[in-house]
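Undergrad: Questions regarding the structure given below will be posed in turn.
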Amino acid sequence: MKFVIQKDKLVQAVQDVMKAVSSRTTIPILTGIKIVATEEGITLTGSDSDISIESFIPVEEDDKQYAEIIQPGSIVLQARFFSEIVKKLPKDQVEMEVNHHYLTIIRSGNAEFNLNGIDAEEYPRLPEIKQQNVFKIPTDLLKAMIRQTVFAVSTSETRPILTGVNWRLENSQLTCIATDSHRLALRKANVETDTSDSYNVVIPGKSLNELSKILDDHDELVEIVIMENQILFKTKNLLFFSRLLEGNYPDTSRLIPSESMTNLTVNTKELLQAIDRASLLAREGRNNVVKFATLGENTVEISSNSPEIGKVIEEIRTGGIEGEDLKISFSAKYMMDALKALEGSEIDISFTGAMRPFLIRIPEDDTILQLILPVRTY
């Protein structure tokens, strides 16, 4: 194998596939990056057996030449060293050549590195893709849906299914739900699909976080293919595979209250900043609890109290309060996470009592919902 490639393209591809490479793997070859050169271009692959990422650098694209393939071939190189070397090469062009016994030479300017490689045939194969079960979604919408749900997955391994986000596809509508049993985040969107089938899968939160970092912010479509125990996200020059979590996701629809006793509308930013200030004194407590109480028709009071440190009280105006007076306590962190996920200047909050879950929504928008369970303090 021998080729010449633009350094910035190579650095970007290496950074993308490195997100799937783990230093703690039981399969030693997976600490490496697989590099394959064909006449069309160069493909880099990284995998930790949960996530696999494949990045393709075409020889030319949009009338620009990125690489020249002198001799096709393949090699696996130690990811940690290869990624550091590539970043620090002196010139804009990089030449790579594999000699006998998989010895790989990397040249740029006056610098030359020799790295011991491994036979690429030993690298595990990625799943075969069958091109049915495809739906498409704009990249920026996909990133938003991940951002608005993934923070609510569980970090505890006691119920592994809750460490993932539940994706349901039905009648061209994708619903994403995450819950750690103390809060829930839900986001819906219409997608382009060529299948009338419905799907119900659970994608590890870790996989979605990594995917979101790799995707650029634009409105080009991402193709999503659901396979038996894998899901594939496909953009122009990138394949991102993730394993799916096994098991049934709990039915969360019964958690969402249908009636409410107290409703109010409030400015998102004002509420977020007030809770942030109240949490300054609540952080020392065991669970960062902030208290919330309605005062009259259009004011709420946010407070927190740490006996050793002191207390804080702040009143904010609302766009109106309907229903019964209310006092409730909740985790400041959960509330702030939920408010940051909502993209509206105003929010509606519906309470069903001091010890029942409450809902946070954007007015006139049923595609996004946040639910939080209160904390018993009163």
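By convention in this document, the chains of the structure tokens carry letters A, B, ... by their order, each chain's residues are numbered from 1, and ligands are numbered from 1 in the order they are shown.
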Taking the DSSP assignment computed from this structure's backbone, write out as a list in words all residues of stretch 264-345 of chain A that belong to alpha helix (DSSP H).
TA: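 After running DSSP on the backbone, stretch 264-345 of chain A has alpha helix (DSSP H) at Thr268, Lys269, Glu270, Leu271, Leu272, Gln273, Ala274, Ile275, Asp276, Arg277, Ala278, Ser279, Leu280, Leu281, Ala282, Ala332, Lys333, Tyr334, Met335, Met336, Asp337, Ala338, Leu339, Lys340 and Ala341 of chain A.
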Undergrad: Go ahead and dump the residues you just picked, N, CA and C atoms, as a short mmCIF file (atom, residue, chain, number, x, y, z; two decimals), in the first residue's frame.
TA:
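New file part28.cif:
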```
data_model
loop_
_atom_site.label_atom_id
_atom_site.label_comp_id
_atom_site.auth_asym_id
_atom_site.auth_seq_id
_atom_site.Cartn_x
_atom_site.Cartn_y
_atom_site.Cartn_z
N THR A 268 -38.33 31.41 30.04
CA THR A 268 -37.38 30.30 30.23
C THR A 268 -36.07 30.77 30.84
N LYS A 269 -35.53 31.86 30.27
CA LYS A 269 -34.21 32.32 30.69
C LYS A 269 -34.24 32.82 32.14
N GLU A 270 -35.32 33.57 32.48
CA GLU A 270 -35.43 34.11 33.85
C GLU A 270 -35.50 32.97 34.86
N LEU A 271 -36.31 31.93 34.54
CA LEU A 271 -36.46 30.81 35.47
C LEU A 271 -35.14 30.04 35.59
N LEU A 272 -34.49 29.83 34.46
CA LEU A 272 -33.22 29.09 34.47
C LEU A 272 -32.18 29.81 35.34
N GLN A 273 -32.10 31.12 35.17
CA GLN A 273 -31.09 31.88 35.93
C GLN A 273 -31.43 31.93 37.42
N ALA A 274 -32.72 32.02 37.74
CA ALA A 274 -33.13 32.06 39.15
C ALA A 274 -32.82 30.72 39.83
N ILE A 275 -33.07 29.61 39.12
CA ILE A 275 -32.79 28.29 39.70
C ILE A 275 -31.27 28.09 39.82
N ASP A 276 -30.54 28.60 38.85
CA ASP A 276 -29.08 28.52 38.92
C ASP A 276 -28.56 29.25 40.17
N ARG A 277 -29.13 30.43 40.43
CA ARG A 277 -28.70 31.19 41.63
C ARG A 277 -29.10 30.44 42.91
N ALA A 278 -30.33 29.92 42.94
CA ALA A 278 -30.80 29.21 44.14
C ALA A 278 -29.94 27.98 44.40
N SER A 279 -29.46 27.36 43.32
CA SER A 279 -28.69 26.12 43.50
C SER A 279 -27.29 26.39 44.06
N LEU A 280 -26.88 27.66 44.05
CA LEU A 280 -25.56 27.99 44.62
C LEU A 280 -25.47 27.56 46.08
N LEU A 281 -26.57 27.73 46.80
CA LEU A 281 -26.58 27.34 48.21
C LEU A 281 -27.09 25.92 48.40
N ALA A 282 -27.74 25.37 47.39
CA ALA A 282 -28.31 24.02 47.54
C ALA A 282 -27.28 22.94 47.23
N ALA A 332 -32.42 20.89 41.39
CA ALA A 332 -32.04 22.05 40.56
C ALA A 332 -31.38 21.59 39.27
N LYS A 333 -30.55 20.55 39.37
CA LYS A 333 -29.84 20.07 38.18
C LYS A 333 -30.82 19.54 37.13
N TYR A 334 -31.79 18.74 37.58
CA TYR A 334 -32.77 18.18 36.63
C TYR A 334 -33.56 19.29 35.94
N MET A 335 -33.95 20.29 36.74
CA MET A 335 -34.74 21.39 36.18
C MET A 335 -33.91 22.19 35.18
N MET A 336 -32.65 22.46 35.51
CA MET A 336 -31.80 23.24 34.60
C MET A 336 -31.52 22.46 33.31
N ASP A 337 -31.28 21.15 33.44
CA ASP A 337 -31.08 20.32 32.24
C ASP A 337 -32.30 20.41 31.32
N ALA A 338 -33.49 20.31 31.93
CA ALA A 338 -34.73 20.33 31.14
C ALA A 338 -34.92 21.68 30.45
N LEU A 339 -34.67 22.76 31.18
CA LEU A 339 -34.87 24.10 30.61
C LEU A 339 -33.88 24.36 29.47
N LYS A 340 -32.65 23.85 29.61
CA LYS A 340 -31.66 24.05 28.54
C LYS A 340 -32.04 23.27 27.28
N ALA A 341 -32.79 22.19 27.46
CA ALA A 341 -33.15 21.37 26.30
C ALA A 341 -34.29 21.99 25.50
#
```
Undergrad: Considering only C-alpha atoms, tabulate each residue of stretch 164-183 of chain A that lies at most 10 Å from stretch 370-373 of chain A along with its nearest interatomic pair and the corresponding distance in Å to one decimal; arrange the rows by chain and ascending residue number and present them as a Markdown table.
TA:
```
| residue | atom | partner | partner_atom | distance |
| --- | --- | --- | --- | --- |
| A:Ile177 | CA | A:Gln370 | CA | 9.8 |
| A:Ala178 | CA | A:Gln370 | CA | 9.8 |
| A:Thr179 | CA | A:Leu371 | CA | 9.1 |
| A:Ser181 | CA | A:Leu373 | CA | 8.4 |
| A:His182 | CA | A:Leu373 | CA | 5.4 |
| A:Arg183 | CA | A:Ile372 | CA | 4.3 |
```
Undergrad: Find the spatial neighbours of stretch 293-298 of chain A, counting only C-alpha atoms, within a cut-off of 12 Å - ignore same-chain residues fewer than 6 positions away - and output them as a PyMOL selection string.
TA: chain A and resi 262-266+304+313-330+351+353-354+378
Undergrad: Could you take the residues named above and write them with C-alpha atoms, as a tab-separated table (two decimals), in the first residue's frame?
TA:
```
chain	number	residue	atom	x	y	z
A	262	THR	CA	-51.77	24.22	38.59
A	263	ASN	CA	-50.57	25.71	35.28
A	264	LEU	CA	-48.25	28.61	34.69
A	265	THR	CA	-46.29	30.27	31.88
A	266	VAL	CA	-42.87	31.75	32.58
A	304	SER	CA	-33.17	27.11	48.82
A	313	ILE	CA	-35.21	33.60	48.11
A	314	GLU	CA	-36.08	35.10	44.74
A	315	GLU	CA	-39.41	36.08	43.22
A	316	ILE	CA	-40.07	36.04	39.49
A	317	ARG	CA	-43.10	37.24	37.53
A	318	THR	CA	-45.01	34.77	35.41
A	319	GLY	CA	-47.32	35.15	32.44
A	320	GLY	CA	-50.16	34.05	34.69
A	321	ILE	CA	-50.94	31.18	37.08
A	322	GLU	CA	-54.11	29.10	36.85
A	323	GLY	CA	-55.40	26.61	39.40
A	324	GLU	CA	-54.49	25.81	42.98
A	325	ASP	CA	-51.64	27.29	45.03
A	326	LEU	CA	-48.62	25.03	45.09
A	327	LYS	CA	-45.40	24.34	46.96
A	328	ILE	CA	-43.04	21.83	45.42
A	329	SER	CA	-39.35	20.86	45.65
A	330	PHE	CA	-37.17	19.44	42.89
A	351	PHE	CA	-48.29	20.57	38.07
A	353	GLY	CA	-49.72	18.24	43.06
A	354	ALA	CA	-46.68	18.52	45.31
A	378	TYR	CA	-42.30	19.58	52.90
```
Undergrad: At what distance in Å, to one decimal, does atom CA of A:Ser74 lie from atom CA of A:Met1?
TA: 6.4 Å
Undergrad: Using only C-alpha atoms, which residues sit within 10 Å of A:Asn99 once same-chain residues fewer than 3 positions away are excluded, as an MDAnalysis selection string?
TA: chainID A and resid 1:2 102:105 116:117
Undergrad: With a distance cut-off of 7 Å and only C-alpha atoms, select the neighbouring residues of A:Ile224, excluding the residue or stretch itself and same-chain residues fewer than 4 positions from it, and output the selection as a compact mmCIF listing (two decimals) with C-alpha atoms, in the first residue's frame.
TA:
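Generated output (selection-v3.txt):
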```txt
# COMPACT_ATOMS: atom_id res chain seq x y z
CA VAL A 134 -34.21 3.16 5.91
CA PHE A 135 -35.44 6.53 7.06
CA LYS A 136 -33.88 9.96 6.62
CA LEU A 232 -26.35 2.58 11.19
CA PHE A 233 -26.17 6.35 10.64
CA LYS A 234 -24.90 7.18 7.18
```
Undergrad: So that I can check the surroundings of A:Ile53, please list as a ChimeraX atom specification every protein, DNA and RNA residue that reaches within 10 Å of it, counting only C-alpha atoms and ignoring chain neighbours fewer than 6 positions away.
TA: /A:13,16-21,44-47,126,211,214,232-233,238-242
Undergrad: With only C-alpha atoms as the counted atoms, please give the residues lying no more than 10 Å from A:Tyr199, apart from itself and same-chain residues fewer than 6 positions off, as a ChimeraX atom specification.
TA: /A:133,167-170,174,226
Undergrad: Emit the selected residues as an mmCIF file, in the first residue's frame, including N, CA and C atoms.
TA:
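Writing the result to result36.cif gives the following:
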```
data_model
loop_
_atom_site.group_PDB
_atom_site.id
_atom_site.type_symbol
_atom_site.label_atom_id
_atom_site.label_comp_id
_atom_site.auth_asym_id
_atom_site.auth_seq_id
_atom_site.Cartn_x
_atom_site.Cartn_y
_atom_site.Cartn_z
ATOM 1 N N ASN A 133 -35.472 -0.869 5.566
ATOM 2 C CA ASN A 133 -35.613 -0.234 6.884
ATOM 3 C C ASN A 133 -34.862 1.097 6.973
ATOM 4 N N TRP A 167 -36.068 4.789 20.706
ATOM 5 C CA TRP A 167 -36.518 5.375 19.437
ATOM 6 C C TRP A 167 -37.664 4.542 18.897
ATOM 7 N N ARG A 168 -38.797 5.208 18.647
ATOM 8 C CA ARG A 168 -39.941 4.514 18.053
ATOM 9 C C ARG A 168 -40.297 5.206 16.748
ATOM 10 N N LEU A 169 -40.405 4.411 15.700
ATOM 11 C CA LEU A 169 -40.788 4.949 14.389
ATOM 12 C C LEU A 169 -42.140 4.366 14.023
ATOM 13 N N GLU A 170 -43.116 5.241 13.813
ATOM 14 C CA GLU A 170 -44.469 4.797 13.465
ATOM 15 C C GLU A 170 -45.097 5.855 12.578
ATOM 16 N N LEU A 174 -40.923 9.876 14.208
ATOM 17 C CA LEU A 174 -39.914 9.323 15.117
ATOM 18 C C LEU A 174 -40.119 9.946 16.495
ATOM 19 N N ILE A 226 -31.952 0.486 10.377
ATOM 20 C CA ILE A 226 -32.098 -0.341 11.585
ATOM 21 C C ILE A 226 -31.927 -1.801 11.199
#
```
Undergrad: Can you work out the spacing between atom CA of A:Gly109 and atom CA of A:Glu97 in Å, to one decimal?
TA: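 For atom CA of A:Gly109 relative to atom CA of A:Glu97, the distance reads 14.9 Å.
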Undergrad: Pick from A:Gln148, A:Arg283, A:Leu142, A:Ser156: nearest to A:Glu220, with only C-alpha atoms counted?
TA: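 Smallest separation from A:Glu220 among the options: A:Leu142.
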Undergrad: Taking into account only C-alpha atoms, which residue in the set A:Leu359, A:Ala189, A:Ala111, A:Val86 is nearest to A:Ser258?
TA: A:Leu359
Undergrad: If you measure from atom CA of A:Leu141 to atom CA of A:Asp62, what distance in Å do you get, rounded to one decimal?
TA: 25.6 Å
Undergrad: Sorted by chain and rising residue number, which residues of stretch 88-129 of chain A lie within 9 Å of stretch 27-41 of chain A, and what are their closest atom pairs and distances in Å to one decimal, counting only C-alpha atoms, as a tab-separated table?
TA:
```
residue	atom	partner	partner_atom	distance
A:Gly117	CA	A:Gly32	CA	8.9
A:Ile118	CA	A:Ile29	CA	7.9
A:Ala120	CA	A:Lys34	CA	6.5
A:Glu122	CA	A:Ile29	CA	7.7
A:Tyr123	CA	A:Ile29	CA	6.5
A:Pro124	CA	A:Leu30	CA	8.3
```
Undergrad: Kindly indicate which residue among A:Ala144, A:Cys176, A:Ile129, A:Leu342 lies nearest to A:Asp219, using only C-alpha atoms for the distances.
TA: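 Checking each candidate against A:Asp219, we get A:Ala144 as the closest.
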Undergrad: Counting only C-alpha atoms, which of A:Ile349, A:Val375, A:Met261, A:Leu115 gets nearest to A:Pro363?
TA: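 That would be A:Ile349, the residue with the smallest distance to A:Pro363.
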